[in-house]
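A short worksheet on the structure shown next.
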Amino acid sequence: MTEPFVDVETASQPDAWRRAAALLPEVAALLPAVGARVAVVGCGTSWFMAQSYAVLREQAGQGETDAFAGSEFPAERSYDLVVAISRSGTTTEIIDLLAHTTSPTLLVTAVADSPAAAAATSTVALPFADEQSVVQTRFATTALALLRAHLGHDIEAAAGDAERALRINIDELLNAAQTTFLGRGWTVGLAAEAALKTREAAQYWSESYPAMDYRHGPLAIAQPGRNVWALGEVPEGLADDVAATGATLVHHDIDPLAALIVAQRFAVGLAKARGLDPDRPRSLTRSVILEG
């Protein structure tokens, strides 16, 4: 059987992150300046990366940063820069947003000559991170790696953790009937992305929540045979609360973006176990293009 594209693309992430970080001197002038008021937009996976970056940028003291799904961007609001993340550059909501906002725009994409690039003020292209699988893995994390590099994060260390993430055994996790992903701060977006991966690749019941909010209701679904999977910080007392339910707490002490790779592999493993094609999820296409 031919290896799924998503397997190859997932495994290539450490090198893709290094290539993105090496690109920084060429593109830094296009990325958000310190103190600029910024909006970051995307659809699906790209929206979750936008959420993570927005939190990181504000935590770094670099300026007010909002994140929106492409369809929910407040057109009446003005920003110093609107950053759009779009793998294909063909997503209808992103093209419309770039074409109609009066704010300067930057597109981060895998396809330099896309319709979205034509509508953007400037473009940063990551063609080496493009993918053949409908399910996004490599492009999304590489775009975030570039933006993290611009914030001063050690991407080489993250890439080293990503290599470790590719070796972590996930076999026992695949038996879980349900998984809830948790995050704090910038990893709330990563948790949402991890849950999306399992739903789209494997038609698998998964949810995501801020880790501190999880105990305000969602904890009720935890039970033996289910996973509670934390990306990043595990709040004090949460491990005991999960243990009391009989659910399995999953946490990997590596860079949270690298930990997302473990969740990606989990989603693909679930798809294969269910006899599904992880490259071609049911009802999905590489890009959502709406008829006018």
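We name chains A, B, ... following the order of the structure tokens; residues begin at 1 in each chain, and ligands are numbered from 1 as shown.
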
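Within the 12 Å cut-off around A:Ala29, using only C-alpha atoms and omitting residues fewer than 5 positions from it on the same chain, the listed residues are Leu23, Leu24, Val34, Leu106, Ser122, Thr123, Val124 and His150 of chain A.
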
Select from stretch 90-200 of chain A everything DSSP, run on the backbone, classes as alpha helix (DSSP H), then give the selection as a PyMOL selection string.
chain A and resi 92-100+115-119+138-150+155-165+187-200

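Proximity of A:Gln178, A:Ser206, A:Thr187, A:Ser133 to A:Thr248, computed with only C-alpha atoms, is greatest for A:Gln178.
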
Mind the document's chain letters and residue numbers, and return as a list in words the residues of stretch 10-126 of chain A that DSSP labels strand (DSSP E or B).
Val38, Ala39, Val40, Val41, Gly42, Thr65, Asp66, Ala67, Phe68, Ala69, Leu81, Val82, Val83, Ala84, Ile85, Ser86, Thr105, Leu106, Leu107, Val108, Thr109, Ser122, Thr123, Val124 and Ala125 of chain A

If we count only C-alpha atoms, what is near stretch 154-160 of chain A at a cut-off of 12 Å, once residues fewer than 2 positions away on the same chain are taken out, given as a PDB file with C-alpha atoms, in the first residue's frame?
ATOM      1  CA  ALA A  11       7.421  13.531   9.377  1.00  0.00           C
ATOM      2  CA  SER A  12       8.925  16.455   7.463  1.00  0.00           C
ATOM      3  CA  GLN A  13       7.881  19.084  10.003  1.00  0.00           C
ATOM      4  CA  PRO A  14      11.158  19.425  11.926  1.00  0.00           C
ATOM      5  CA  ASP A  15      13.042  20.298   8.737  1.00  0.00           C
ATOM      6  CA  ALA A  16      10.234  22.562   7.511  1.00  0.00           C
ATOM      7  CA  TRP A  17      10.373  24.534  10.768  1.00  0.00           C
ATOM      8  CA  ARG A  18      14.124  24.958  10.397  1.00  0.00           C
ATOM      9  CA  ARG A  19      13.687  26.202   6.827  1.00  0.00           C
ATOM     10  CA  ALA A  20      11.061  28.690   7.971  1.00  0.00           C
ATOM     11  CA  ALA A  21      13.319  30.041  10.707  1.00  0.00           C
ATOM     12  CA  ALA A  22      16.175  30.367   8.213  1.00  0.00           C
ATOM     13  CA  LEU A  24      13.312  35.019   8.700  1.00  0.00           C
ATOM     14  CA  THR A 141       2.824  24.363  12.046  1.00  0.00           C
ATOM     15  CA  THR A 142       5.482  25.809   9.727  1.00  0.00           C
ATOM     16  CA  ALA A 143       3.592  29.088   9.421  1.00  0.00           C
ATOM     17  CA  LEU A 144       3.371  29.274  13.208  1.00  0.00           C
ATOM     18  CA  ALA A 145       7.054  28.337  13.531  1.00  0.00           C
ATOM     19  CA  LEU A 146       7.967  31.288  11.309  1.00  0.00           C
ATOM     20  CA  LEU A 147       5.841  33.666  13.351  1.00  0.00           C
ATOM     21  CA  ARG A 148       7.306  32.271  16.573  1.00  0.00           C
ATOM     22  CA  ALA A 149      10.819  32.736  15.213  1.00  0.00           C
ATOM     23  CA  HIS A 150       9.976  36.401  14.619  1.00  0.00           C
ATOM     24  CA  LEU A 151       8.994  36.632  18.297  1.00  0.00           C
ATOM     25  CA  GLY A 152      12.415  35.290  19.291  1.00  0.00           C
ATOM     26  CA  ALA A 162       9.426  17.610  16.990  1.00  0.00           C
ATOM     27  CA  GLU A 163      11.862  14.857  16.076  1.00  0.00           C
ATOM     28  CA  ARG A 164      11.194  13.267  19.464  1.00  0.00           C
ATOM     29  CA  ALA A 165       7.454  13.635  18.879  1.00  0.00           C
ATOM     30  CA  LEU A 166       7.766  11.483  15.772  1.00  0.00           C
ATOM     31  CA  ARG A 167       9.127   8.627  17.913  1.00  0.00           C
ATOM     32  CA  ASP A 253       6.869  17.279  28.201  1.00  0.00           C
ATOM     33  CA  ILE A 254       8.062  18.813  24.943  1.00  0.00           C
ATOM     34  CA  ASP A 255       7.463  22.060  23.077  1.00  0.00           C
ATOM     35  CA  PRO A 256       3.666  22.308  22.654  1.00  0.00           C
ATOM     36  CA  LEU A 257       3.918  22.730  18.878  1.00  0.00           C
ATOM     37  CA  ALA A 258       5.918  19.498  18.795  1.00  0.00           C
ATOM     38  CA  ALA A 259       3.307  17.898  21.050  1.00  0.00           C
ATOM     39  CA  LEU A 260       0.742  18.765  18.375  1.00  0.00           C
ATOM     40  CA  ILE A 261       2.642  16.418  16.058  1.00  0.00           C
TER      41      ILE A 261
END

Could you give me, as a PyMOL selection string, the residues within 6 Å of stretch 75-84 of chain A, counting only C-alpha atoms and dropping anything in the same chain fewer than 3 positions from it?
chain A and resi 36-42+103-107

Generate a file of the selected residues that holds N, CA and C atoms, formatted as a short mmCIF file (atom, residue, chain, number, x, y, z; two decimals), in the first residue's frame.
data_model
loop_
_atom_site.label_atom_id
_atom_site.label_comp_id
_atom_site.auth_asym_id
_atom_site.auth_seq_id
_atom_site.Cartn_x
_atom_site.Cartn_y
_atom_site.Cartn_z
N ALA A 36 2.73 47.42 16.71
CA ALA A 36 1.64 47.51 15.73
C ALA A 36 0.39 46.82 16.26
N ARG A 37 -0.75 47.37 15.88
CA ARG A 37 -2.04 46.75 16.22
C ARG A 37 -2.40 45.81 15.07
N VAL A 38 -2.52 44.51 15.39
CA VAL A 38 -2.55 43.47 14.37
C VAL A 38 -3.79 42.59 14.54
N ALA A 39 -4.36 42.19 13.42
CA ALA A 39 -5.37 41.13 13.39
C ALA A 39 -4.80 39.97 12.60
N VAL A 40 -5.04 38.76 13.07
CA VAL A 40 -4.59 37.55 12.37
C VAL A 40 -5.83 36.73 12.05
N VAL A 41 -5.95 36.31 10.79
CA VAL A 41 -7.16 35.63 10.35
C VAL A 41 -6.82 34.34 9.63
N GLY A 42 -7.76 33.42 9.64
CA GLY A 42 -7.61 32.17 8.92
C GLY A 42 -8.91 31.40 8.98
N SER A 103 -7.23 48.05 5.65
CA SER A 103 -5.96 47.94 6.36
C SER A 103 -4.90 47.28 5.48
N PRO A 104 -3.61 47.58 5.69
CA PRO A 104 -2.55 46.84 5.00
C PRO A 104 -2.64 45.36 5.34
N THR A 105 -2.29 44.50 4.39
CA THR A 105 -2.46 43.07 4.60
C THR A 105 -1.19 42.30 4.25
N LEU A 106 -1.02 41.19 4.95
CA LEU A 106 0.08 40.25 4.68
C LEU A 106 -0.51 38.86 4.60
N LEU A 107 -0.22 38.14 3.54
CA LEU A 107 -0.65 36.76 3.39
C LEU A 107 0.52 35.83 3.64
#

Identify, on the basis of only C-alpha atoms, every residue whose closest approach to A:Trp205 does not exceed 12 Å; exclude the query and any residue fewer than 2 positions from it along the same chain; express the result as a PyMOL selection string.
chain A and resi 176-181+194-203+207-208+221+226-227+267+270

Test item: residues at most 9 Å from A:Gly269, only C-alpha atoms, excluding those fewer than 3 positions along its chain, as a list in words
Ile170, Asp171, Leu174, Ala202, Gln264, Arg265, Phe266, Lys272, Ala273, Arg274 and Pro278 of chain A

Can those selected residues be exported to a file as a PDB file, in the first residue's frame so that it contains all heavy atoms?
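Writing the result to result35.pdb gives the following:
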ATOM      1  N   ILE A 170       2.211   5.781  20.200  1.00  0.00           N
ATOM      2  CA  ILE A 170       0.809   6.190  20.371  1.00  0.00           C
ATOM      3  C   ILE A 170      -0.144   5.001  20.348  1.00  0.00           C
ATOM      4  O   ILE A 170      -1.364   5.190  20.447  1.00  0.00           O
ATOM      5  CB  ILE A 170       0.393   7.190  19.265  1.00  0.00           C
ATOM      6  CG1 ILE A 170       0.520   6.546  17.879  1.00  0.00           C
ATOM      7  CG2 ILE A 170       1.199   8.483  19.362  1.00  0.00           C
ATOM      8  CD1 ILE A 170      -0.116   7.358  16.768  1.00  0.00           C
ATOM      9  N   ASP A 171       0.380   3.803  20.240  1.00  0.00           N
ATOM     10  CA  ASP A 171      -0.475   2.633  20.020  1.00  0.00           C
ATOM     11  C   ASP A 171      -1.554   2.476  21.085  1.00  0.00           C
ATOM     12  O   ASP A 171      -2.733   2.231  20.772  1.00  0.00           O
ATOM     13  CB  ASP A 171       0.373   1.359  19.950  1.00  0.00           C
ATOM     14  CG  ASP A 171       1.230   1.308  18.693  1.00  0.00           C
ATOM     15  OD1 ASP A 171       0.981   2.121  17.778  1.00  0.00           O
ATOM     16  OD2 ASP A 171       2.155   0.468  18.630  1.00  0.00           O
ATOM     17  N   LEU A 174      -4.702   4.752  20.932  1.00  0.00           N
ATOM     18  CA  LEU A 174      -5.674   4.552  19.854  1.00  0.00           C
ATOM     19  C   LEU A 174      -6.905   3.765  20.294  1.00  0.00           C
ATOM     20  O   LEU A 174      -7.907   3.737  19.578  1.00  0.00           O
ATOM     21  CB  LEU A 174      -5.003   3.843  18.675  1.00  0.00           C
ATOM     22  CG  LEU A 174      -3.858   4.604  18.004  1.00  0.00           C
ATOM     23  CD1 LEU A 174      -3.204   3.739  16.939  1.00  0.00           C
ATOM     24  CD2 LEU A 174      -4.359   5.906  17.394  1.00  0.00           C
ATOM     25  N   ALA A 202     -10.481  11.120  11.054  1.00  0.00           N
ATOM     26  CA  ALA A 202     -10.936   9.811  11.525  1.00  0.00           C
ATOM     27  C   ALA A 202     -12.409   9.752  11.915  1.00  0.00           C
ATOM     28  O   ALA A 202     -12.864   8.720  12.402  1.00  0.00           O
ATOM     29  CB  ALA A 202     -10.080   9.371  12.721  1.00  0.00           C
ATOM     30  N   GLN A 264      -1.358  14.842  15.814  1.00  0.00           N
ATOM     31  CA  GLN A 264      -1.554  14.599  14.383  1.00  0.00           C
ATOM     32  C   GLN A 264      -1.375  13.122  14.057  1.00  0.00           C
ATOM     33  O   GLN A 264      -2.166  12.526  13.321  1.00  0.00           O
ATOM     34  CB  GLN A 264      -0.569  15.432  13.568  1.00  0.00           C
ATOM     35  CG  GLN A 264      -0.803  16.929  13.622  1.00  0.00           C
ATOM     36  CD  GLN A 264       0.339  17.707  12.982  1.00  0.00           C
ATOM     37  OE1 GLN A 264       1.445  17.173  12.781  1.00  0.00           O
ATOM     38  NE2 GLN A 264       0.096  18.971  12.661  1.00  0.00           N
ATOM     39  N   ARG A 265      -0.337  12.523  14.600  1.00  0.00           N
ATOM     40  CA  ARG A 265      -0.076  11.104  14.366  1.00  0.00           C
ATOM     41  C   ARG A 265      -1.204  10.252  14.951  1.00  0.00           C
ATOM     42  O   ARG A 265      -1.593   9.222  14.379  1.00  0.00           O
ATOM     43  CB  ARG A 265       1.262  10.713  14.988  1.00  0.00           C
ATOM     44  CG  ARG A 265       2.457  11.359  14.302  1.00  0.00           C
ATOM     45  CD  ARG A 265       3.769  11.003  15.012  1.00  0.00           C
ATOM     46  NE  ARG A 265       3.901   9.569  15.169  1.00  0.00           N
ATOM     47  CZ  ARG A 265       4.222   8.961  16.327  1.00  0.00           C
ATOM     48  NH1 ARG A 265       4.452   9.671  17.424  1.00  0.00           N
ATOM     49  NH2 ARG A 265       4.303   7.651  16.380  1.00  0.00           N
ATOM     50  N   PHE A 266      -1.727  10.670  16.091  1.00  0.00           N
ATOM     51  CA  PHE A 266      -2.863   9.998  16.712  1.00  0.00           C
ATOM     52  C   PHE A 266      -4.067  10.029  15.772  1.00  0.00           C
ATOM     53  O   PHE A 266      -4.732   9.009  15.551  1.00  0.00           O
ATOM     54  CB  PHE A 266      -3.179  10.703  18.034  1.00  0.00           C
ATOM     55  CG  PHE A 266      -4.422  10.256  18.730  1.00  0.00           C
ATOM     56  CD1 PHE A 266      -4.508   9.008  19.317  1.00  0.00           C
ATOM     57  CD2 PHE A 266      -5.513  11.115  18.844  1.00  0.00           C
ATOM     58  CE1 PHE A 266      -5.650   8.596  19.986  1.00  0.00           C
ATOM     59  CE2 PHE A 266      -6.662  10.720  19.521  1.00  0.00           C
ATOM     60  CZ  PHE A 266      -6.730   9.466  20.089  1.00  0.00           C
ATOM     61  N   LYS A 272      -6.469   5.198  10.056  1.00  0.00           N
ATOM     62  CA  LYS A 272      -6.033   3.922   9.500  1.00  0.00           C
ATOM     63  C   LYS A 272      -6.718   2.751  10.207  1.00  0.00           C
ATOM     64  O   LYS A 272      -7.130   1.779   9.562  1.00  0.00           O
ATOM     65  CB  LYS A 272      -4.516   3.802   9.621  1.00  0.00           C
ATOM     66  CG  LYS A 272      -3.744   4.776   8.735  1.00  0.00           C
ATOM     67  CD  LYS A 272      -2.249   4.652   8.988  1.00  0.00           C
ATOM     68  CE  LYS A 272      -1.433   5.592   8.122  1.00  0.00           C
ATOM     69  NZ  LYS A 272       0.009   5.518   8.420  1.00  0.00           N
ATOM     70  N   ALA A 273      -6.837   2.842  11.540  1.00  0.00           N
ATOM     71  CA  ALA A 273      -7.472   1.766  12.303  1.00  0.00           C
ATOM     72  C   ALA A 273      -8.937   1.593  11.919  1.00  0.00           C
ATOM     73  O   ALA A 273      -9.491   0.495  12.025  1.00  0.00           O
ATOM     74  CB  ALA A 273      -7.345   2.052  13.798  1.00  0.00           C
ATOM     75  N   ARG A 274      -9.545   2.673  11.437  1.00  0.00           N
ATOM     76  CA  ARG A 274     -10.954   2.626  11.051  1.00  0.00           C
ATOM     77  C   ARG A 274     -11.130   2.364   9.557  1.00  0.00           C
ATOM     78  O   ARG A 274     -12.255   2.418   9.052  1.00  0.00           O
ATOM     79  CB  ARG A 274     -11.627   3.954  11.426  1.00  0.00           C
ATOM     80  CG  ARG A 274     -11.703   4.176  12.932  1.00  0.00           C
ATOM     81  CD  ARG A 274     -12.293   5.518  13.297  1.00  0.00           C
ATOM     82  NE  ARG A 274     -12.584   5.568  14.728  1.00  0.00           N
ATOM     83  CZ  ARG A 274     -13.578   6.265  15.280  1.00  0.00           C
ATOM     84  NH1 ARG A 274     -14.384   6.990  14.512  1.00  0.00           N
ATOM     85  NH2 ARG A 274     -13.765   6.251  16.572  1.00  0.00           N
ATOM     86  N   PRO A 278      -6.745   8.926   5.377  1.00  0.00           N
ATOM     87  CA  PRO A 278      -6.504  10.200   6.061  1.00  0.00           C
ATOM     88  C   PRO A 278      -6.170  11.345   5.115  1.00  0.00           C
ATOM     89  O   PRO A 278      -6.239  12.508   5.516  1.00  0.00           O
ATOM     90  CB  PRO A 278      -5.322   9.879   6.982  1.00  0.00           C
ATOM     91  CG  PRO A 278      -4.616   8.748   6.312  1.00  0.00           C
ATOM     92  CD  PRO A 278      -5.694   7.932   5.650  1.00  0.00           C
TER      93      PRO A 278
END

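Minimum atom-to-atom distances from A:Ala69, A:Ala33, A:Leu56, A:Val135 to A:Glu9 were compared using only C-alpha atoms, and the lowest value belongs to A:Val135.
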
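Going from atom CA of A:Phe139 to atom CA of A:Ser46 covers 9.1 Å.
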
One decimal place gives the atom CA of A:Leu219-atom CA of A:Ala244 separation as 10.5 Å

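Using only C-alpha atoms, the residues found no farther than 12 Å from A:His216, other than those of its own chain fewer than 5 positions away, are Tyr209, Pro210, Ala211, Ile221, Leu238 and Asp241 of chain A.
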
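Considering the residues A:Leu276, A:Ala140, A:Leu231, A:Ala125 and counting only C-alpha atoms, A:Leu182 has its shortest atom-to-atom contact with A:Leu231.
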